[in-house]
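Quick look at protein30.tsv (TSV, C-alpha atoms):
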chain	number	residue	atom	x	y	z
A	243	MET	CA	-122.97	9.76	-161.75
A	244	ASN	CA	-125.89	10.38	-164.19
A	245	MET	CA	-129.38	8.92	-163.86
A	246	LYS	CA	-128.82	6.38	-166.67
A	247	THR	CA	-125.75	4.94	-164.92
A	248	LYS	CA	-127.59	4.76	-161.59
A	249	THR	CA	-130.49	2.94	-163.23
A	250	LYS	CA	-128.12	0.39	-164.79
A	251	ILE	CA	-126.44	-0.30	-161.46
A	252	LEU	CA	-129.81	-0.77	-159.75
A	253	LEU	CA	-130.93	-3.20	-162.45
A	254	VAL	CA	-127.76	-5.30	-162.06
A	255	ALA	CA	-128.18	-5.30	-158.27
A	256	ALA	CA	-131.82	-6.33	-158.58
A	257	LEU	CA	-130.90	-9.15	-160.96
A	258	ALA	CA	-128.20	-10.37	-158.61
A	259	SER	CA	-130.66	-10.35	-155.70
A	260	LEU	CA	-133.26	-12.27	-157.71
A	261	LEU	CA	-130.76	-14.92	-158.76
A	262	ALA	CA	-129.41	-15.22	-155.21
A	263	SER	CA	-132.86	-15.90	-153.79
A	264	CYS	CA	-133.45	-18.94	-155.98
A	265	ARG	CA	-129.99	-20.43	-156.50
A	266	PRO	CA	-128.98	-23.77	-154.86
A	267	GLU	CA	-125.78	-24.00	-152.82
A	268	ILE	CA	-123.86	-24.87	-156.01
A	269	PRO	CA	-125.92	-23.69	-159.02
A	270	MET	CA	-126.11	-26.38	-161.72
A	271	VAL	CA	-127.35	-25.35	-165.16
A	272	ASN	CA	-129.03	-28.32	-166.82
A	273	LEU	CA	-131.13	-26.71	-169.57
A	274	GLY	CA	-128.60	-24.40	-171.22
A	275	ILE	CA	-126.43	-21.45	-170.41
A	276	ASP	CA	-128.06	-18.18	-169.36
A	277	GLU	CA	-126.72	-14.77	-170.26
A	278	VAL	CA	-126.23	-13.59	-166.66
A	279	TYR	CA	-125.47	-15.34	-163.38
A	280	ALA	CA	-124.90	-14.02	-159.88
A	281	VAL	CA	-122.94	-15.85	-157.20
A	282	GLU	CA	-121.11	-15.12	-153.95
A	283	ARG	CA	-117.35	-15.11	-154.07
A	284	MET	CA	-115.70	-18.39	-153.04
A	285	ARG	CA	-118.79	-20.31	-154.15
A	286	ALA	CA	-118.68	-22.62	-157.14
A	287	LEU	CA	-120.90	-22.11	-160.18
A	288	ILE	CA	-121.10	-25.04	-162.62
A	289	LEU	CA	-122.08	-24.21	-166.19
A	290	HIS	CA	-123.28	-27.21	-168.18
A	291	PRO	CA	-124.22	-26.63	-171.83
A	292	GLU	CA	-127.05	-28.71	-173.28
A	293	PHE	CA	-125.52	-28.61	-176.75
A	294	ASN	CA	-123.41	-31.56	-177.84
A	295	GLY	CA	-120.23	-30.80	-179.73
A	296	ASP	CA	-116.86	-32.14	-180.82
A	297	ALA	CA	-114.93	-29.72	-178.60
A	298	TYR	CA	-115.59	-27.03	-176.01
A	299	VAL	CA	-113.49	-23.93	-175.37
A	300	TRP	CA	-114.25	-21.63	-172.46
A	301	SER	CA	-112.43	-18.30	-172.38
A	302	MET	CA	-112.54	-15.30	-170.09
A	303	LYS	CA	-111.70	-11.71	-170.82
A	304	ALA	CA	-108.66	-10.43	-168.95
A	305	SER	CA	-108.22	-6.92	-167.53
A	306	ASP	CA	-106.31	-5.84	-170.66
A	307	GLY	CA	-109.19	-6.91	-172.89
A	308	SER	CA	-107.56	-10.09	-174.19
A	309	ASP	CA	-109.20	-13.51	-173.96
A	310	SER	CA	-107.56	-16.40	-172.12
A	311	VAL	CA	-108.69	-20.03	-172.31
A	312	VAL	CA	-109.78	-21.26	-168.87
A	313	SER	CA	-111.12	-24.72	-169.74
A	314	THR	CA	-111.59	-27.17	-172.60
A	315	GLU	CA	-113.95	-29.45	-170.66
A	316	ARG	CA	-117.66	-29.57	-171.42
A	317	ASP	CA	-118.55	-28.19	-167.99
A	318	LEU	CA	-117.04	-25.00	-166.63
A	319	VAL	CA	-116.49	-24.73	-162.89
A	320	PHE	CA	-116.29	-21.03	-162.07
A	321	CYS	CA	-115.09	-19.90	-158.66
A	322	SER	CA	-113.62	-16.51	-157.80
A	323	ALA	CA	-112.00	-15.12	-154.67
A	324	ASP	CA	-112.73	-11.56	-155.83
A	325	THR	CA	-115.93	-9.65	-156.45
A	326	GLY	CA	-116.68	-8.10	-159.83
A	327	GLU	CA	-118.12	-8.92	-163.23
A	328	TYR	CA	-116.63	-11.62	-165.45
A	329	LEU	CA	-117.37	-12.16	-169.13
A	330	VAL	CA	-117.16	-15.83	-170.11
A	331	ARG	CA	-117.27	-17.01	-173.72
A	332	LEU	CA	-118.12	-20.57	-174.78
A	333	GLU	CA	-117.28	-21.88	-178.25
A	334	ILE	CA	-118.67	-25.30	-179.16
A	335	SER	CA	-117.05	-26.89	-182.20
A	336	ASP	CA	-119.38	-28.99	-184.32
A	337	ALA	CA	-119.20	-29.84	-188.02
A	338	GLU	CA	-122.85	-28.94	-188.58
A	339	ASN	CA	-123.86	-26.60	-185.76
A	340	PRO	CA	-120.98	-24.63	-184.22
A	341	TYR	CA	-122.15	-22.46	-181.34
A	342	VAL	CA	-120.86	-19.37	-179.53
A	343	HIS	CA	-122.34	-18.04	-176.32
A	344	GLU	CA	-121.30	-15.28	-173.91
A	345	THR	CA	-122.23	-15.23	-170.25
A	346	ARG	CA	-121.73	-12.50	-167.69
A	347	ILE	CA	-121.09	-13.64	-164.10
A	348	VAL	CA	-121.62	-11.16	-161.29
A	349	VAL	CA	-119.64	-12.08	-158.14
A	350	TRP	CA	-120.60	-10.28	-154.95
A	351	GLU	CA	-119.41	-10.18	-151.35
A	352	GLU	CA	-120.76	-12.82	-148.97
A	353	GLN	CA	-123.39	-11.60	-146.50
A	354	VAL	CA	-121.59	-13.17	-143.53
A	355	ALA	CA	-117.80	-12.95	-143.54
A	356	TYR	CA	-116.05	-16.26	-144.14
A	357	SER	CA	-113.75	-17.79	-141.58
A	358	ARG	CA	-110.11	-18.38	-142.43
A	359	TYR	CA	-110.14	-21.60	-140.42
A	360	ILE	CA	-111.58	-25.12	-140.51
A	361	SER	CA	-115.32	-25.14	-139.92
A	362	ARG	CA	-116.03	-28.86	-140.05
A	363	VAL	CA	-114.26	-32.21	-139.71
A	364	TYR	CA	-115.99	-34.82	-141.88
A	365	GLU	CA	-113.86	-37.89	-141.12
A	366	TYR	CA	-111.37	-38.87	-138.43
A	367	ARG	CA	-109.95	-42.36	-138.90
A	368	PRO	CA	-106.46	-42.75	-137.44
A	369	ALA	CA	-104.32	-45.82	-137.90
A	370	PRO	CA	-102.91	-47.42	-134.73
A	371	GLY	CA	-100.26	-45.34	-133.01
A	372	GLN	CA	-98.81	-44.27	-129.67
A	373	PHE	CA	-100.87	-41.05	-129.50
A	374	VAL	CA	-104.14	-42.61	-130.67
A	375	ASN	CA	-106.85	-42.63	-127.98
A	376	GLU	CA	-104.94	-39.73	-126.37
A	377	MET	CA	-105.09	-36.97	-129.03
A	378	PRO	CA	-108.05	-36.60	-128.90
A	379	GLU	CA	-108.76	-38.58	-125.72
A	380	TYR	CA	-110.99	-41.61	-125.95
A	381	GLU	CA	-113.34	-42.12	-123.02
A	382	GLU	CA	-115.16	-45.36	-122.32
A	383	GLY	CA	-118.28	-45.62	-124.46
A	384	ASP	CA	-117.22	-43.03	-127.03
A	385	THR	CA	-118.52	-43.74	-130.53
A	386	GLU	CA	-117.00	-42.79	-133.86
A	387	ALA	CA	-119.34	-39.77	-133.89
A	388	ASP	CA	-118.06	-38.74	-130.46
A	389	MET	CA	-114.43	-38.94	-131.57
A	390	LEU	CA	-115.24	-37.07	-134.77
A	391	LYS	CA	-116.73	-34.26	-132.69
A	392	LYS	CA	-113.64	-34.20	-130.44
A	393	ALA	CA	-111.38	-34.00	-133.48
A	394	GLU	CA	-113.46	-31.13	-134.85
A	395	GLU	CA	-113.35	-29.28	-131.55
A	396	SER	CA	-109.56	-29.70	-131.50
A	397	ILE	CA	-108.64	-28.31	-134.91
A	398	SER	CA	-111.56	-26.09	-136.00
A	399	GLY	CA	-111.51	-22.32	-135.75
A	400	ALA	CA	-108.33	-20.82	-134.32
A	401	ASN	CA	-107.87	-23.78	-131.96
A	402	ASP	CA	-104.46	-25.40	-131.81
A	403	VAL	CA	-105.21	-28.70	-130.08
A	404	MET	CA	-103.21	-31.45	-131.74
A	405	ILE	CA	-104.73	-34.60	-133.16
A	406	SER	CA	-102.72	-37.66	-134.20
A	407	LEU	CA	-103.29	-39.68	-137.36
A	408	GLY	CA	-101.31	-42.74	-136.19
A	409	GLY	CA	-99.30	-44.92	-138.55
A	410	PHE	CA	-99.37	-45.00	-142.34
A	411	GLY	CA	-102.74	-44.19	-143.88
A	412	GLY	CA	-104.51	-42.78	-140.83
A	413	TYR	CA	-106.39	-39.68	-141.96
A	414	VAL	CA	-108.58	-36.70	-141.22
A	415	THR	CA	-110.89	-34.94	-143.69
A	416	PHE	CA	-111.95	-31.33	-143.13
A	417	GLY	CA	-113.38	-28.29	-144.89
A	418	PHE	CA	-114.15	-24.60	-144.51
A	419	ASP	CA	-117.39	-22.59	-144.63
A	420	HIS	CA	-116.65	-21.82	-148.28
A	421	SER	CA	-114.72	-23.25	-151.23
A	422	VAL	CA	-110.95	-22.76	-151.21
A	423	VAL	CA	-110.19	-20.96	-154.47
A	424	ASN	CA	-107.21	-21.94	-156.60
A	425	VAL	CA	-105.55	-18.56	-157.15
A	426	PRO	CA	-102.92	-18.81	-159.92
A	427	GLY	CA	-99.35	-18.35	-158.76
A	428	GLU	CA	-100.20	-18.37	-155.05
A	429	TYR	CA	-100.31	-20.84	-152.19
A	430	ASP	CA	-103.95	-21.55	-151.36
A	431	PHE	CA	-104.01	-23.06	-147.87
A	432	LYS	CA	-101.74	-23.96	-144.98
A	433	VAL	CA	-101.76	-26.97	-142.66
A	434	TYR	CA	-100.19	-26.70	-139.21
A	435	GLY	CA	-98.36	-29.61	-137.55
A	436	ASN	CA	-95.72	-30.08	-134.85
A	437	ALA	CA	-92.60	-30.62	-136.97
A	438	PHE	CA	-89.34	-29.07	-135.75
A	439	TYR	CA	-85.70	-28.92	-136.70
A	440	ALA	CA	-83.19	-30.62	-134.40
A	441	ALA	CA	-81.09	-28.36	-132.19
A	442	GLY	CA	-78.18	-30.76	-132.63
A	443	ASN	CA	-77.16	-33.80	-134.62
A	444	PRO	CA	-74.55	-36.47	-133.85
A	445	ASN	CA	-73.74	-36.35	-137.55
A	446	PRO	CA	-72.80	-32.71	-138.27
A	447	ASP	CA	-71.71	-33.68	-141.78
A	448	ASN	CA	-75.28	-34.40	-142.89
A	449	PRO	CA	-76.30	-31.31	-144.87
A	450	ASN	CA	-80.03	-31.97	-144.77
A	451	SER	CA	-82.46	-30.29	-142.39
A	452	GLY	CA	-83.97	-32.67	-139.94
A	453	GLY	CA	-85.40	-33.17	-136.50
A	454	SER	CA	-88.97	-34.39	-136.21
A	455	SER	CA	-90.57	-34.50	-139.63
A	456	GLU	CA	-93.59	-36.81	-139.86
A	457	PRO	CA	-94.86	-36.08	-143.37
A	458	GLY	CA	-98.51	-36.39	-144.26
A	459	VAL	CA	-99.79	-36.67	-147.82
A	460	VAL	CA	-102.42	-34.06	-148.70
A	461	MET	CA	-105.41	-34.68	-150.96
A	462	VAL	CA	-108.19	-32.38	-152.19
A	463	SER	CA	-111.68	-32.82	-153.59
A	464	PHE	CA	-114.31	-30.61	-155.23
A	465	ASP	CA	-117.96	-31.10	-154.27
A	466	ARG	CA	-119.08	-31.65	-157.86
A	467	ASN	CA	-122.34	-33.40	-156.94
A	468	GLY	CA	-123.20	-30.59	-154.53
A	469	ASN	CA	-124.31	-32.78	-151.63
A	470	GLY	CA	-121.90	-31.30	-149.09
A	471	LEU	CA	-120.16	-34.64	-148.44
A	472	PRO	CA	-116.61	-35.76	-149.31
A	473	ASP	CA	-117.75	-38.48	-151.71
A	474	ASP	CA	-116.46	-37.06	-155.01
A	475	GLU	CA	-113.16	-37.83	-156.72
A	476	TRP	CA	-109.99	-37.19	-154.72
A	477	TYR	CA	-106.73	-35.78	-156.07
A	478	GLU	CA	-103.29	-35.98	-154.48
A	479	LEU	CA	-101.18	-32.85	-154.21
A	480	ALA	CA	-97.95	-34.09	-155.76
A	481	GLY	CA	-95.16	-33.03	-153.42
A	482	SER	CA	-91.40	-33.23	-153.88
A	483	GLU	CA	-91.29	-37.03	-153.47
A	484	TYR	CA	-94.15	-37.88	-155.81
A	485	SER	CA	-91.78	-38.99	-158.61
A	486	ASN	CA	-89.09	-40.38	-156.30
A	487	PRO	CA	-88.31	-43.94	-157.51
A	488	SER	CA	-88.60	-45.12	-153.89
A	489	THR	CA	-92.14	-43.78	-153.51
A	490	ARG	CA	-94.82	-46.47	-153.78
A	491	HIS	CA	-98.14	-45.46	-155.32
A	492	GLY	CA	-101.12	-47.72	-154.73
A	493	TYR	CA	-99.71	-48.93	-151.42
A	494	SER	CA	-102.05	-50.75	-149.01
A	495	ILE	CA	-101.60	-51.82	-145.39
A	496	THR	CA	-103.79	-53.74	-142.93
A	497	TYR	CA	-103.50	-53.44	-139.13
A	498	ARG	CA	-104.88	-56.00	-136.69
A	499	ARG	CA	-106.16	-55.30	-133.20
A	500	PRO	CA	-103.99	-57.03	-130.57
A	501	ALA	CA	-105.76	-59.42	-128.20
A	502	ASP	CA	-106.32	-58.18	-124.68
A	503	ASP	CA	-104.30	-61.10	-123.30
A	504	LYS	CA	-101.48	-60.84	-125.83
A	505	PRO	CA	-98.12	-61.52	-124.10
A	506	ALA	CA	-95.73	-58.57	-124.36
A	507	THR	CA	-92.32	-58.89	-126.01
A	508	PRO	CA	-90.23	-56.08	-124.50
A	509	ALA	CA	-86.81	-55.03	-125.74
A	510	ASP	CA	-84.71	-55.17	-122.59
A	511	GLY	CA	-82.80	-52.05	-121.79
A	512	THR	CA	-85.05	-49.88	-123.97
A	513	PRO	CA	-88.36	-48.03	-123.45
A	514	MET	CA	-90.08	-50.47	-125.82
A	515	THR	CA	-92.47	-52.57	-123.69
A	516	ASP	CA	-93.88	-54.63	-126.58
A	517	THR	CA	-92.07	-54.88	-129.90
A	518	THR	CA	-94.82	-57.04	-131.46
A	519	TYR	CA	-97.82	-55.03	-130.30
A	520	VAL	CA	-99.91	-54.13	-133.39
A	521	ARG	CA	-99.24	-56.41	-136.34
A	522	TRP	CA	-99.48	-55.17	-139.92
A	523	THR	CA	-99.19	-56.71	-143.38
A	524	ASP	CA	-99.04	-54.89	-146.71
A	525	ASN	CA	-99.54	-55.49	-150.42
A	526	LEU	CA	-95.78	-55.72	-150.95
A	527	GLY	CA	-95.74	-59.03	-149.08
A	528	ARG	CA	-94.19	-57.53	-145.95
A	529	GLU	CA	-95.22	-57.64	-142.32
A	530	GLY	CA	-94.18	-55.85	-139.17
A	531	TYR	CA	-95.36	-54.28	-135.93
A	532	ILE	CA	-96.09	-50.99	-134.27
A	533	SER	CA	-94.22	-51.23	-130.99
A	534	LYS	CA	-95.58	-50.10	-127.66
A	535	VAL	CA	-93.42	-47.72	-125.63
A	536	VAL	CA	-93.39	-47.03	-121.93
A	537	TYR	CA	-94.37	-43.37	-122.37
A	538	HIS	CA	-97.82	-44.27	-123.72
A	539	THR	CA	-99.57	-47.12	-121.95
A	540	GLN	CA	-103.07	-46.82	-123.43
A	541	ALA	CA	-104.33	-48.98	-126.29
A	542	TYR	CA	-102.89	-47.93	-129.65
A	543	TYR	CA	-105.64	-49.42	-131.81
A	544	PRO	CA	-108.62	-46.97	-132.04
A	545	GLU	CA	-110.86	-48.11	-129.20
A	546	TRP	CA	-114.06	-46.80	-130.79
A	547	MET	CA	-113.62	-48.82	-133.98
A	548	PRO	CA	-115.66	-52.07	-133.91
A	549	GLU	CA	-113.58	-53.77	-136.64
A	550	ASP	CA	-110.58	-55.86	-135.59
A	551	GLU	CA	-108.82	-55.01	-138.86
A	552	MET	CA	-108.20	-51.63	-140.50
A	553	THR	CA	-106.95	-51.23	-144.08
A	554	PHE	CA	-105.55	-48.01	-145.54
A	555	SER	CA	-104.33	-47.23	-149.05
A	556	GLY	CA	-102.41	-44.38	-150.63
A	557	THR	CA	-98.97	-43.15	-151.57
A	558	LEU	CA	-96.16	-44.54	-149.41
A	559	LEU	CA	-93.27	-42.09	-149.10
A	560	PRO	CA	-89.67	-43.27	-148.58
A	561	ASP	CA	-88.47	-43.63	-145.00
A	562	ASN	CA	-87.00	-40.37	-143.73
A	563	ALA	CA	-85.61	-41.46	-140.36
A	564	VAL	CA	-81.89	-42.06	-139.81
A	565	ASP	CA	-80.33	-43.46	-136.63
A	566	GLU	CA	-77.47	-40.97	-136.57
A	567	SER	CA	-76.19	-42.33	-133.25
A	568	GLY	CA	-75.72	-45.81	-134.65
A	569	ASN	CA	-77.04	-47.36	-131.43
A	570	GLY	CA	-80.73	-46.49	-131.59
A	571	SER	CA	-80.53	-43.57	-129.19
A	572	PHE	CA	-80.80	-40.62	-131.61
A	573	PHE	CA	-83.07	-40.72	-134.65
A	574	VAL	CA	-83.27	-37.75	-137.00
A	575	LEU	CA	-86.37	-37.51	-139.20
A	576	TYR	CA	-85.24	-35.53	-142.23
A	577	VAL	CA	-87.57	-33.20	-144.09
A	578	TYR	CA	-88.79	-33.62	-147.64
A	579	GLY	CA	-88.52	-30.63	-149.95
A	580	TRP	CA	-92.13	-29.48	-150.02
A	581	GLY	CA	-95.74	-30.54	-150.40
A	582	TYR	CA	-96.40	-32.47	-147.15
A	583	ALA	CA	-98.11	-31.67	-143.85
A	584	ASP	CA	-96.16	-31.84	-140.57
A	585	ASN	CA	-92.96	-31.88	-142.61
A	586	HIS	CA	-91.38	-28.45	-141.95
A	587	PRO	CA	-92.00	-26.20	-138.92
A	588	ASN	CA	-95.06	-23.98	-139.15
A	589	GLU	CA	-92.85	-20.90	-139.32
A	590	ALA	CA	-91.53	-22.05	-142.71
A	591	GLU	CA	-94.53	-20.50	-144.47
A	592	ASP	CA	-93.82	-21.67	-148.01
A	593	LYS	CA	-92.95	-25.20	-146.82
A	594	ALA	CA	-96.13	-25.62	-144.76
A	595	SER	CA	-98.41	-24.16	-147.44
A	596	PHE	CA	-100.05	-25.84	-150.42
A	597	ASP	CA	-100.97	-24.97	-153.99
A	598	ILE	CA	-104.07	-26.61	-155.48
A	599	ASP	CA	-102.27	-26.54	-158.84
A	600	TRP	CA	-100.15	-29.47	-157.57
A	601	ALA	CA	-103.21	-31.76	-157.89
A	602	VAL	CA	-102.87	-34.94	-159.96
A	603	ASP	CA	-105.35	-37.70	-160.72
A	604	ALA	CA	-104.95	-41.41	-159.99
A	605	SER	CA	-102.75	-41.86	-163.07
A	606	GLY	CA	-100.47	-38.98	-162.10
A	607	SER	CA	-101.77	-36.54	-164.71
A	608	PRO	CA	-102.17	-32.90	-163.63
A	609	VAL	CA	-105.72	-31.68	-163.18
A	610	ARG	CA	-107.07	-28.13	-163.10
A	611	LEU	CA	-109.30	-27.49	-160.09
A	612	PRO	CA	-110.71	-23.95	-159.84
A	613	CYS	CA	-111.56	-24.60	-156.19
A	614	VAL	CA	-111.83	-27.40	-153.63
A	615	ASP	CA	-114.25	-28.11	-150.80
A	616	PHE	CA	-112.57	-30.93	-148.88
A	617	ILE	CA	-108.99	-31.53	-147.74
A	618	ARG	CA	-107.65	-34.84	-146.47
A	619	VAL	CA	-104.33	-35.46	-144.71
A	620	TYR	CA	-102.94	-38.94	-144.05
A	621	THR	CA	-99.70	-40.25	-142.60
A	622	GLY	CA	-97.40	-40.90	-145.56
A	623	VAL	CA	-94.70	-43.17	-144.12
A	624	ASN	CA	-94.68	-46.63	-142.56
A	625	GLN	CA	-91.75	-46.34	-140.22
A	626	GLN	CA	-90.72	-47.46	-136.72
A	627	CYS	CA	-87.98	-45.44	-135.02
A	628	GLY	CA	-86.92	-47.58	-132.09
A	629	TRP	CA	-87.84	-46.09	-128.72
A	630	ILE	CA	-89.34	-43.02	-130.42
A	631	GLY	CA	-92.08	-45.25	-131.79
A	632	GLU	CA	-93.87	-45.13	-135.10
A	633	THR	CA	-93.87	-42.06	-137.33
A	634	SER	CA	-97.30	-40.45	-137.18
A	635	THR	CA	-98.53	-37.21	-138.74
A	636	GLU	CA	-100.07	-34.72	-136.32
A	637	ILE	CA	-101.99	-31.59	-137.25
A	638	THR	CA	-103.38	-28.72	-135.18
A	639	ARG	CA	-105.33	-26.57	-137.65
A	640	ALA	CA	-105.52	-25.29	-141.24
A	641	GLU	CA	-106.07	-21.91	-142.88
A	642	ASP	CA	-107.41	-20.62	-146.19
A	643	LEU	CA	-104.69	-18.17	-147.22
A	644	HIS	CA	-107.13	-16.13	-149.34
A	645	VAL	CA	-109.38	-15.17	-146.41
A	646	GLU	CA	-108.34	-12.33	-144.16
A	647	ASP	CA	-107.42	-13.28	-140.58
A	648	MET	CA	-109.99	-11.49	-138.41
A	649	THR	CA	-108.89	-12.91	-135.03
A	650	ASP	CA	-107.16	-9.63	-134.03
A	651	TYR	CA	-110.03	-7.37	-135.11
Would you encode the structure as structure tokens?
Amino acid sequence: MNMKTKTKILLVAALASLLASCRPEIPMVNLGIDEVYAVERMRALILHPEFNGDAYVWSMKASDGSDSVVSTERDLVFCSADTGEYLVRLEISDAENPYVHETRIVVWEEQVAYSRYISRVYEYRPAPGQFVNEMPEYEEGDTEADMLKKAEESISGANDVMISLGGFGGYVTFGFDHSVVNVPGEYDFKVYGNAFYAAGNPNPDNPNSGGSSEPGVVMVSFDRNGNGLPDDEWYELAGSEYSNPSTRHGYSITYRRPADDKPATPADGTPMTDTTYVRWTDNLGREGYISKVVYHTQAYYPEWMPEDEMTFSGTLLPDNAVDESGNGSFFVLYVYGWGYADNHPNEAEDKASFDIDWAVDASGSPVRLPCVDFIRVYTGVNQQCGWIGETSTEITRAEDLHVEDMTDY
């Protein structure tokens, strides 16, 4: 290596160090686009041009020297899982003042290695269910902050302590110590649950895989405002049932806390000790109950919640439970194809993993997200399965598939 090359490398390194020392967590360019930026990998850089135009085209040079369009939005969100230098070209179309600008982005390795696992739980708000107040355990006097901490302790890092989301709509929101990058053509993250395939089935003629599948809808969000909170726009990952005619988008349900002195209505000869325990109504004009079963005697309504009503909204998936016995003794919860948490066993890697490219907006239109900072999982069905109880999504942990697993090192 000659002296000129060494000098160039040192200058680039010095520039990267200078930019790193003064950049915010998510750099936001408000006064124009600079010629050079430096950013850690798996950190978002937002480029915002000050020039108004009729159209914006951002392109990036590929390894073969060709240019590929990466965005036609005014702002470019850049986020890379790999280190290196990237040449970005912006063309602004304007009848009077067209503009072309090239920017070089230097991406370097993080100073402290990222974790593959959840680092923080931002929200834990389960709907009523037979495992609520047990997973995690509620103790007298616990506040919402206490239960949030318990949920975080259960599923963060390499922990595998299950938490329950209760009936339809109950959710948990979590994130990592970095942005999860949307790598084209690859699954981006995995969510672990407790789904399993049945060892046997009274109906051997049913060709579908089933057992205990309690599918949870998965949503993602990018921290566009840079405040570190999950208060930006959310996008659903459209799984296999998104366009199913029986799927209900914009569904809403309200649960009501049962009175302490409510008389029980057991189903004689069954493990159901109260078939009218937690009442619910929905925006389809229906009503029903989450039954109480003998195996779980604690309160099913979240004890730490001060409100006597809880309302949840989202996408309602079709029922997936079938009483294959015909007498209520053997329910099989059949799997959906793909795209839901706690749907297939964890060993089914491609079925328990998720691609950010599945994201759609509220109208169902695909959106391009270079990376996401927050992931939300909520129970996607409103279903009572006799003595088995309500269908409730459970999760144990999540992983960023683009970060190396260092637990064995």
Find the residues around Gly453 in chain A up to 6 Å (only C-alpha atoms counted), leave out those fewer than 5 positions away in its own chain, and share them as a ChimeraX atom specification.
/A:438-440,574-575
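Atom to atom, CA of Val281 in chain A and CA of Ser361 in chain A stand 21.0 Å apart.
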List every protein, DNA or RNA residue that has an atom no more than 12 Å from (-83.2, -37.0, -132.9) in the file's coordinate frame, counting only C-alpha atoms, and report them as a ChimeraX atom specification.
/A:438-445,451-455,562-568,570-576,627-630
The centre and edge lengths of an axis-aligned box containing all atoms of range 378-384 of chain A present in the file, extended by 8 Å on each side, are to be given in Å to one decimal, as JSON.
{"center_x": -113.2, "center_y": -41.1, "center_z": -125.6, "size_x": 26.2, "size_y": 25.0, "size_z": 22.6}
Which residues are near range 407-422 of chain A? Cut-off 8 Å, only C-alpha atoms, ignore same chain within fewer than 5 positions. Put them as number ranges by chain.
A: 284-286, 356-374, 430-431, 495, 554-556, 558, 613-625, 632-636, 642, 644
Just give me the gap between CA of Val645 in chain A and CA of Gly427 in chain A in Å, one decimal is fine.
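So the answer is 16.2 Å.
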So, with all atoms listed in the file as the atoms that count, which of A:Arg610, A:His586, A:Arg639, A:His290 lies closest to Asn424 in chain A?
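Among the listed residues, the smallest separation from Asn424 in chain A belongs to A:Arg610.
Those residues that approach Asp599 in chain A to within 8 Å, counting only C-alpha atoms, are Asn424, Pro426, Leu479, Pro608, Val609, Arg610 and Leu611 of chain A; same-chain residues fewer than 3 positions away are not listed.
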Have a look at CA of Pro500 in chain A and CA of Val520 in chain A and let me know their distance in Å, one decimal.
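A separation of 5.7 Å between them.
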Could you name the residues that touch Met547 in chain A at 9 Å or less, counting only C-alpha atoms, but leaving out those on the same chain fewer than 4 positions away, as a CSV table (one decimal) with C-alpha atoms, in the frame of the given file?
chain,number,residue,atom,x,y,z
A,367,ARG,CA,-110.0,-42.4,-138.9
A,385,THR,CA,-118.5,-43.7,-130.5
A,386,GLU,CA,-117.0,-42.8,-133.9
A,543,TYR,CA,-105.6,-49.4,-131.8
A,552,MET,CA,-108.2,-51.6,-140.5
Using only C-alpha atoms, determine which residues lie at most 7 Å from Ser313 in chain A, disregarding the query and same-chain residues fewer than 3 positions distant; provide the list as number ranges by chain.
A: 299-300, 318
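Here the question is which of A:Asp296, A:Asp465, A:Glu379, A:Glu456 gets nearest to Val319 in chain A using all atoms listed in the file, and that residue is A:Asp465.
Among the candidates A:Ile275, A:Ala400, A:Ala501, A:Val425, the residue lying nearest to Glu551 in chain A is A:Ala501 (atoms considered: only C-alpha atoms).
Nearest to Ser605 in chain A of all the residues A:Glu394, A:Glu478, A:Glu483, A:Asp402 is A:Glu478, counting only C-alpha atoms.
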Nearest to Ser398 in chain A, chosen from A:Val423, A:His343, A:Val433, A:Trp600, with only C-alpha atoms counted in the distances
A:Val433
